[in-house]
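Undergrad: Got a structure here, written out as structure tokens. Questions coming.
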Amino acid sequence: MNEPRQAHLAYLTNPERGLVVLTLLEVGKPGDEALSFALNRDQLFRLNSETADILRREVQR
């Protein structure tokens with residue numbers, strides 16, 4: 001896997017029922033177009049679970 005790059009922007013939207021979009025923009029690329037990815041239900045549940053686990057570990061530190 002490549003070295004992770006720093007995100008300037010990262011957010012989820014739900015523009016219509018059944019469509020969840022993850023949008024990312026890399027730091028230092030303000031003129032570049034943001035990348036958008038459609039997520040399915042399973043990906044969204046997994047992302048939610050992993051995020052909760054990471055946040056819980058960070059709070060316990």
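Residue numbers start at 1 in each chain; chains themselves are named A, B, ... in the order of the structure tokens; ligands are numbered from 1 in the order shown.
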Mind the document's chain letters and residue numbers, and return as a CSV table (one decimal) with all heavy atoms, in the first residue's frame the residues of chain A that DSSP labels strand (DSSP E or B).
TA:
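What ended up in part03.csv:
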```
chain,number,residue,atom,x,y,z
A,7,ALA,N,-5.6,14.4,3.7
A,7,ALA,CA,-6.8,15.0,3.1
A,7,ALA,C,-7.1,16.4,3.6
A,7,ALA,O,-6.9,16.7,4.7
A,7,ALA,CB,-8.0,14.1,3.4
A,8,HIS,N,-7.4,17.2,2.6
A,8,HIS,CA,-7.8,18.6,3.0
A,8,HIS,C,-9.3,18.6,3.3
A,8,HIS,O,-9.8,19.4,4.1
A,8,HIS,CB,-7.5,19.5,1.8
A,8,HIS,CG,-8.0,20.9,1.9
A,8,HIS,ND1,-7.5,21.8,2.8
A,8,HIS,CD2,-9.0,21.6,1.3
A,8,HIS,CE1,-8.1,23.0,2.7
A,8,HIS,NE2,-9.1,22.8,1.8
A,9,LEU,N,-10.0,17.8,2.6
A,9,LEU,CA,-11.5,17.8,2.7
A,9,LEU,C,-11.9,16.3,2.7
A,9,LEU,O,-11.4,15.5,1.8
A,9,LEU,CB,-12.0,18.5,1.5
A,9,LEU,CG,-13.5,18.5,1.2
A,9,LEU,CD1,-14.2,19.4,2.2
A,9,LEU,CD2,-13.8,18.9,-0.2
A,10,ALA,N,-12.8,15.9,3.5
A,10,ALA,CA,-13.3,14.5,3.5
A,10,ALA,C,-14.7,14.6,4.1
A,10,ALA,O,-14.9,15.0,5.2
A,10,ALA,CB,-12.5,13.6,4.3
A,11,TYR,N,-15.7,14.2,3.3
A,11,TYR,CA,-17.1,14.3,3.9
A,11,TYR,C,-18.0,13.3,3.1
A,11,TYR,O,-17.7,12.9,2.0
A,11,TYR,CB,-17.7,15.7,3.9
A,11,TYR,CG,-17.9,16.3,2.5
A,11,TYR,CD1,-19.1,16.2,1.8
A,11,TYR,CD2,-16.8,17.1,1.9
A,11,TYR,CE1,-19.2,16.8,0.6
A,11,TYR,CE2,-17.0,17.7,0.7
A,11,TYR,CZ,-18.2,17.5,0.1
A,11,TYR,OH,-18.4,18.1,-1.2
A,12,LEU,N,-19.1,12.9,3.8
A,12,LEU,CA,-20.1,12.0,3.3
A,12,LEU,C,-21.4,12.9,3.0
A,12,LEU,O,-21.7,13.7,3.8
A,12,LEU,CB,-20.5,11.0,4.3
A,12,LEU,CG,-19.5,9.9,4.6
A,12,LEU,CD1,-19.9,9.0,5.8
A,12,LEU,CD2,-19.3,9.0,3.4
A,13,THR,N,-22.0,12.6,1.9
A,13,THR,CA,-23.3,13.2,1.6
A,13,THR,C,-24.3,12.1,1.2
A,13,THR,O,-23.9,11.0,0.8
A,13,THR,CB,-23.2,14.2,0.5
A,13,THR,OG1,-22.6,13.6,-0.7
A,13,THR,CG2,-22.3,15.4,0.9
A,14,ASN,N,-25.5,12.4,1.3
A,14,ASN,CA,-26.6,11.5,0.9
A,14,ASN,C,-27.5,12.3,0.0
A,14,ASN,O,-28.6,12.7,0.3
A,14,ASN,CB,-27.3,11.0,2.1
A,14,ASN,CG,-28.4,10.0,1.9
A,14,ASN,OD1,-29.4,10.1,2.6
A,14,ASN,ND2,-28.3,9.1,1.0
A,15,PRO,N,-27.1,12.5,-1.3
A,15,PRO,CA,-27.8,13.4,-2.2
A,15,PRO,C,-29.2,12.9,-2.6
A,15,PRO,O,-30.1,13.7,-3.0
A,15,PRO,CB,-26.9,13.6,-3.4
A,15,PRO,CG,-26.0,12.4,-3.4
A,15,PRO,CD,-25.9,12.0,-1.9
A,16,GLU,N,-29.4,11.6,-2.5
A,16,GLU,CA,-30.7,11.0,-2.8
A,16,GLU,C,-30.8,9.7,-2.1
A,16,GLU,O,-29.8,9.1,-1.7
A,16,GLU,CB,-30.9,10.8,-4.3
A,16,GLU,CG,-30.0,9.9,-5.0
A,16,GLU,CD,-30.1,9.8,-6.5
A,16,GLU,OE1,-29.9,10.8,-7.1
A,16,GLU,OE2,-30.4,8.7,-7.0
A,19,LEU,N,-28.2,6.6,-2.2
A,19,LEU,CA,-26.9,7.0,-2.7
A,19,LEU,C,-26.2,7.7,-1.6
A,19,LEU,O,-26.6,8.8,-1.1
A,19,LEU,CB,-27.1,7.9,-3.9
A,19,LEU,CG,-25.8,8.5,-4.5
A,19,LEU,CD1,-24.9,7.3,-5.0
A,19,LEU,CD2,-26.1,9.4,-5.6
A,20,VAL,N,-25.0,7.2,-1.2
A,20,VAL,CA,-24.1,7.8,-0.3
A,20,VAL,C,-22.8,8.1,-1.0
A,20,VAL,O,-22.3,7.2,-1.7
A,20,VAL,CB,-23.9,6.9,1.0
A,20,VAL,CG1,-22.9,7.5,1.9
A,20,VAL,CG2,-25.2,6.6,1.7
A,21,VAL,N,-22.3,9.3,-0.9
A,21,VAL,CA,-21.1,9.7,-1.6
A,21,VAL,C,-20.0,10.1,-0.6
A,21,VAL,O,-20.3,11.0,0.2
A,21,VAL,CB,-21.4,10.8,-2.6
A,21,VAL,CG1,-20.2,11.2,-3.3
A,21,VAL,CG2,-22.5,10.4,-3.6
A,22,LEU,N,-18.8,9.6,-0.8
A,22,LEU,CA,-17.6,10.0,0.0
A,22,LEU,C,-16.8,10.9,-0.9
A,22,LEU,O,-16.5,10.5,-2.1
A,22,LEU,CB,-16.8,8.8,0.4
A,22,LEU,CG,-15.4,9.1,1.0
A,22,LEU,CD1,-15.5,9.8,2.3
A,22,LEU,CD2,-14.6,7.8,1.2
A,23,THR,N,-16.6,12.1,-0.5
A,23,THR,CA,-15.8,13.1,-1.3
A,23,THR,C,-14.5,13.4,-0.6
A,23,THR,O,-14.5,13.7,0.6
A,23,THR,CB,-16.6,14.4,-1.5
A,23,THR,OG1,-17.9,14.0,-2.1
A,23,THR,CG2,-15.9,15.4,-2.4
A,24,LEU,N,-13.4,13.4,-1.4
A,24,LEU,CA,-12.1,13.6,-0.8
A,24,LEU,C,-11.3,14.6,-1.7
A,24,LEU,O,-11.5,14.6,-2.9
A,24,LEU,CB,-11.2,12.3,-0.8
A,24,LEU,CG,-11.8,11.2,0.0
A,24,LEU,CD1,-11.0,9.9,-0.3
A,24,LEU,CD2,-11.7,11.5,1.5
A,25,LEU,N,-10.6,15.5,-1.0
A,25,LEU,CA,-9.7,16.4,-1.7
A,25,LEU,C,-8.4,16.5,-1.0
A,25,LEU,O,-8.3,16.6,0.2
A,25,LEU,CB,-10.3,17.9,-1.8
A,25,LEU,CG,-9.5,18.9,-2.5
A,25,LEU,CD1,-9.3,18.6,-3.9
A,25,LEU,CD2,-10.1,20.3,-2.3
A,26,GLU,N,-7.3,16.3,-1.7
A,26,GLU,CA,-5.9,16.2,-1.2
A,26,GLU,C,-5.4,17.6,-0.8
A,26,GLU,O,-5.6,18.5,-1.5
A,26,GLU,CB,-5.0,15.5,-2.2
A,26,GLU,CG,-3.6,15.2,-1.6
A,26,GLU,CD,-2.8,14.5,-2.6
A,26,GLU,OE1,-3.2,14.1,-3.7
A,26,GLU,OE2,-1.6,14.3,-2.3
A,35,LEU,N,-12.4,14.1,-5.5
A,35,LEU,CA,-12.7,12.8,-5.9
A,35,LEU,C,-14.0,12.3,-5.2
A,35,LEU,O,-14.0,12.5,-3.9
A,35,LEU,CB,-11.6,11.8,-5.6
A,35,LEU,CG,-10.3,12.1,-6.3
A,35,LEU,CD1,-9.2,11.1,-5.8
A,35,LEU,CD2,-10.4,12.0,-7.8
A,36,SER,N,-14.9,11.8,-5.9
A,36,SER,CA,-16.2,11.3,-5.2
A,36,SER,C,-16.4,9.9,-5.5
A,36,SER,O,-16.1,9.4,-6.6
A,36,SER,CB,-17.4,12.1,-5.8
A,36,SER,OG,-17.3,13.5,-5.4
A,37,PHE,N,-16.8,9.1,-4.5
A,37,PHE,CA,-17.0,7.7,-4.5
A,37,PHE,C,-18.3,7.3,-4.0
A,37,PHE,O,-18.7,7.7,-2.9
A,37,PHE,CB,-15.9,6.9,-3.7
A,37,PHE,CG,-14.5,7.3,-4.1
A,37,PHE,CD1,-13.8,8.3,-3.5
A,37,PHE,CD2,-13.9,6.5,-5.1
A,37,PHE,CE1,-12.5,8.6,-3.9
A,37,PHE,CE2,-12.5,6.8,-5.5
A,37,PHE,CZ,-11.9,7.9,-4.9
A,38,ALA,N,-19.1,6.6,-4.7
A,38,ALA,CA,-20.4,6.1,-4.2
A,38,ALA,C,-20.1,4.9,-3.3
A,38,ALA,O,-19.3,4.0,-3.6
A,38,ALA,CB,-21.3,5.6,-5.4
A,39,LEU,N,-20.7,4.8,-2.2
A,39,LEU,CA,-20.6,3.8,-1.2
A,39,LEU,C,-21.8,3.0,-1.1
A,39,LEU,O,-22.9,3.5,-1.1
A,39,LEU,CB,-20.2,4.3,0.2
A,39,LEU,CG,-19.0,5.1,0.3
A,39,LEU,CD1,-18.8,5.6,1.8
A,39,LEU,CD2,-17.7,4.4,-0.1
```
Undergrad: Among chain A, which ones does DSSP assign to helix (DSSP H, G or I) (computed from the backbone)? Answer as number ranges by chain.
TA: A: 41-60
Undergrad: For the selection you just gave me, I'd like the residues written to a file as a PDB file, in the first residue's frame, keeping N, CA, C and O atoms.
TA:
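The new file result-v9.pdb reads:
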```
ATOM      1  N   ARG A  41     -24.285   0.083   0.974  1.00  0.00           N
ATOM      2  CA  ARG A  41     -24.737  -0.035   2.362  1.00  0.00           C
ATOM      3  C   ARG A  41     -23.701  -0.743   3.236  1.00  0.00           C
ATOM      4  O   ARG A  41     -23.403  -0.307   4.342  1.00  0.00           O
ATOM      5  N   ASP A  42     -23.130  -1.839   2.744  1.00  0.00           N
ATOM      6  CA  ASP A  42     -22.141  -2.586   3.521  1.00  0.00           C
ATOM      7  C   ASP A  42     -20.883  -1.754   3.769  1.00  0.00           C
ATOM      8  O   ASP A  42     -20.321  -1.787   4.867  1.00  0.00           O
ATOM      9  N   GLN A  43     -20.437  -1.015   2.772  1.00  0.00           N
ATOM     10  CA  GLN A  43     -19.262  -0.158   2.945  1.00  0.00           C
ATOM     11  C   GLN A  43     -19.532   0.930   3.972  1.00  0.00           C
ATOM     12  O   GLN A  43     -18.668   1.253   4.787  1.00  0.00           O
ATOM     13  N   LEU A  44     -20.723   1.491   3.944  1.00  0.00           N
ATOM     14  CA  LEU A  44     -21.086   2.539   4.891  1.00  0.00           C
ATOM     15  C   LEU A  44     -21.134   1.992   6.315  1.00  0.00           C
ATOM     16  O   LEU A  44     -20.608   2.613   7.248  1.00  0.00           O
ATOM     17  N   PHE A  45     -21.731   0.818   6.506  1.00  0.00           N
ATOM     18  CA  PHE A  45     -21.760   0.204   7.838  1.00  0.00           C
ATOM     19  C   PHE A  45     -20.345  -0.084   8.335  1.00  0.00           C
ATOM     20  O   PHE A  45     -20.018   0.155   9.496  1.00  0.00           O
ATOM     21  N   ARG A  46     -19.486  -0.597   7.457  1.00  0.00           N
ATOM     22  CA  ARG A  46     -18.113  -0.913   7.859  1.00  0.00           C
ATOM     23  C   ARG A  46     -17.349   0.367   8.214  1.00  0.00           C
ATOM     24  O   ARG A  46     -16.626   0.416   9.212  1.00  0.00           O
ATOM     25  N   LEU A  47     -17.492   1.402   7.399  1.00  0.00           N
ATOM     26  CA  LEU A  47     -16.837   2.674   7.675  1.00  0.00           C
ATOM     27  C   LEU A  47     -17.306   3.234   9.020  1.00  0.00           C
ATOM     28  O   LEU A  47     -16.496   3.712   9.826  1.00  0.00           O
ATOM     29  N   ASN A  48     -18.575   3.147   9.285  1.00  0.00           N
ATOM     30  CA  ASN A  48     -19.134   3.628  10.548  1.00  0.00           C
ATOM     31  C   ASN A  48     -18.551   2.840  11.732  1.00  0.00           C
ATOM     32  O   ASN A  48     -18.144   3.420  12.736  1.00  0.00           O
ATOM     33  N   SER A  49     -18.493   1.536  11.613  1.00  0.00           N
ATOM     34  CA  SER A  49     -17.961   0.687  12.680  1.00  0.00           C
ATOM     35  C   SER A  49     -16.484   0.972  12.932  1.00  0.00           C
ATOM     36  O   SER A  49     -16.044   1.111  14.084  1.00  0.00           O
ATOM     37  N   GLU A  50     -15.706   1.069  11.861  1.00  0.00           N
ATOM     38  CA  GLU A  50     -14.273   1.332  12.002  1.00  0.00           C
ATOM     39  C   GLU A  50     -14.018   2.717  12.594  1.00  0.00           C
ATOM     40  O   GLU A  50     -13.123   2.899  13.424  1.00  0.00           O
ATOM     41  N   THR A  51     -14.816   3.691  12.194  1.00  0.00           N
ATOM     42  CA  THR A  51     -14.677   5.044  12.728  1.00  0.00           C
ATOM     43  C   THR A  51     -14.973   5.061  14.222  1.00  0.00           C
ATOM     44  O   THR A  51     -14.233   5.663  15.003  1.00  0.00           O
ATOM     45  N   ALA A  52     -16.042   4.385  14.642  1.00  0.00           N
ATOM     46  CA  ALA A  52     -16.383   4.324  16.062  1.00  0.00           C
ATOM     47  C   ALA A  52     -15.265   3.660  16.861  1.00  0.00           C
ATOM     48  O   ALA A  52     -14.901   4.138  17.944  1.00  0.00           O
ATOM     49  N   ASP A  53     -14.701   2.582  16.357  1.00  0.00           N
ATOM     50  CA  ASP A  53     -13.600   1.895  17.050  1.00  0.00           C
ATOM     51  C   ASP A  53     -12.383   2.801  17.196  1.00  0.00           C
ATOM     52  O   ASP A  53     -11.758   2.870  18.258  1.00  0.00           O
ATOM     53  N   ILE A  54     -12.030   3.502  16.134  1.00  0.00           N
ATOM     54  CA  ILE A  54     -10.871   4.399  16.160  1.00  0.00           C
ATOM     55  C   ILE A  54     -11.102   5.531  17.159  1.00  0.00           C
ATOM     56  O   ILE A  54     -10.227   5.855  17.976  1.00  0.00           O
ATOM     57  N   LEU A  55     -12.276   6.134  17.129  1.00  0.00           N
ATOM     58  CA  LEU A  55     -12.583   7.228  18.054  1.00  0.00           C
ATOM     59  C   LEU A  55     -12.573   6.754  19.502  1.00  0.00           C
ATOM     60  O   LEU A  55     -12.070   7.450  20.393  1.00  0.00           O
ATOM     61  N   ARG A  56     -13.113   5.580  19.751  1.00  0.00           N
ATOM     62  CA  ARG A  56     -13.120   5.042  21.115  1.00  0.00           C
ATOM     63  C   ARG A  56     -11.687   4.833  21.624  1.00  0.00           C
ATOM     64  O   ARG A  56     -11.368   5.201  22.756  1.00  0.00           O
ATOM     65  N   ARG A  57     -10.815   4.284  20.789  1.00  0.00           N
ATOM     66  CA  ARG A  57      -9.423   4.092  21.201  1.00  0.00           C
ATOM     67  C   ARG A  57      -8.721   5.422  21.439  1.00  0.00           C
ATOM     68  O   ARG A  57      -7.931   5.550  22.375  1.00  0.00           O
ATOM     69  N   GLU A  58      -8.987   6.429  20.625  1.00  0.00           N
ATOM     70  CA  GLU A  58      -8.362   7.740  20.785  1.00  0.00           C
ATOM     71  C   GLU A  58      -8.804   8.408  22.091  1.00  0.00           C
ATOM     72  O   GLU A  58      -8.012   9.056  22.751  1.00  0.00           O
ATOM     73  N   VAL A  59     -10.055   8.261  22.445  1.00  0.00           N
ATOM     74  CA  VAL A  59     -10.578   8.868  23.676  1.00  0.00           C
ATOM     75  C   VAL A  59      -9.972   8.191  24.903  1.00  0.00           C
ATOM     76  O   VAL A  59      -9.720   8.835  25.914  1.00  0.00           O
ATOM     77  N   GLN A  60      -9.699   6.905  24.808  1.00  0.00           N
ATOM     78  CA  GLN A  60      -9.149   6.148  25.941  1.00  0.00           C
ATOM     79  C   GLN A  60      -7.677   6.445  26.170  1.00  0.00           C
ATOM     80  O   GLN A  60      -7.136   6.051  27.194  1.00  0.00           O
TER      81      GLN A  60
END
```
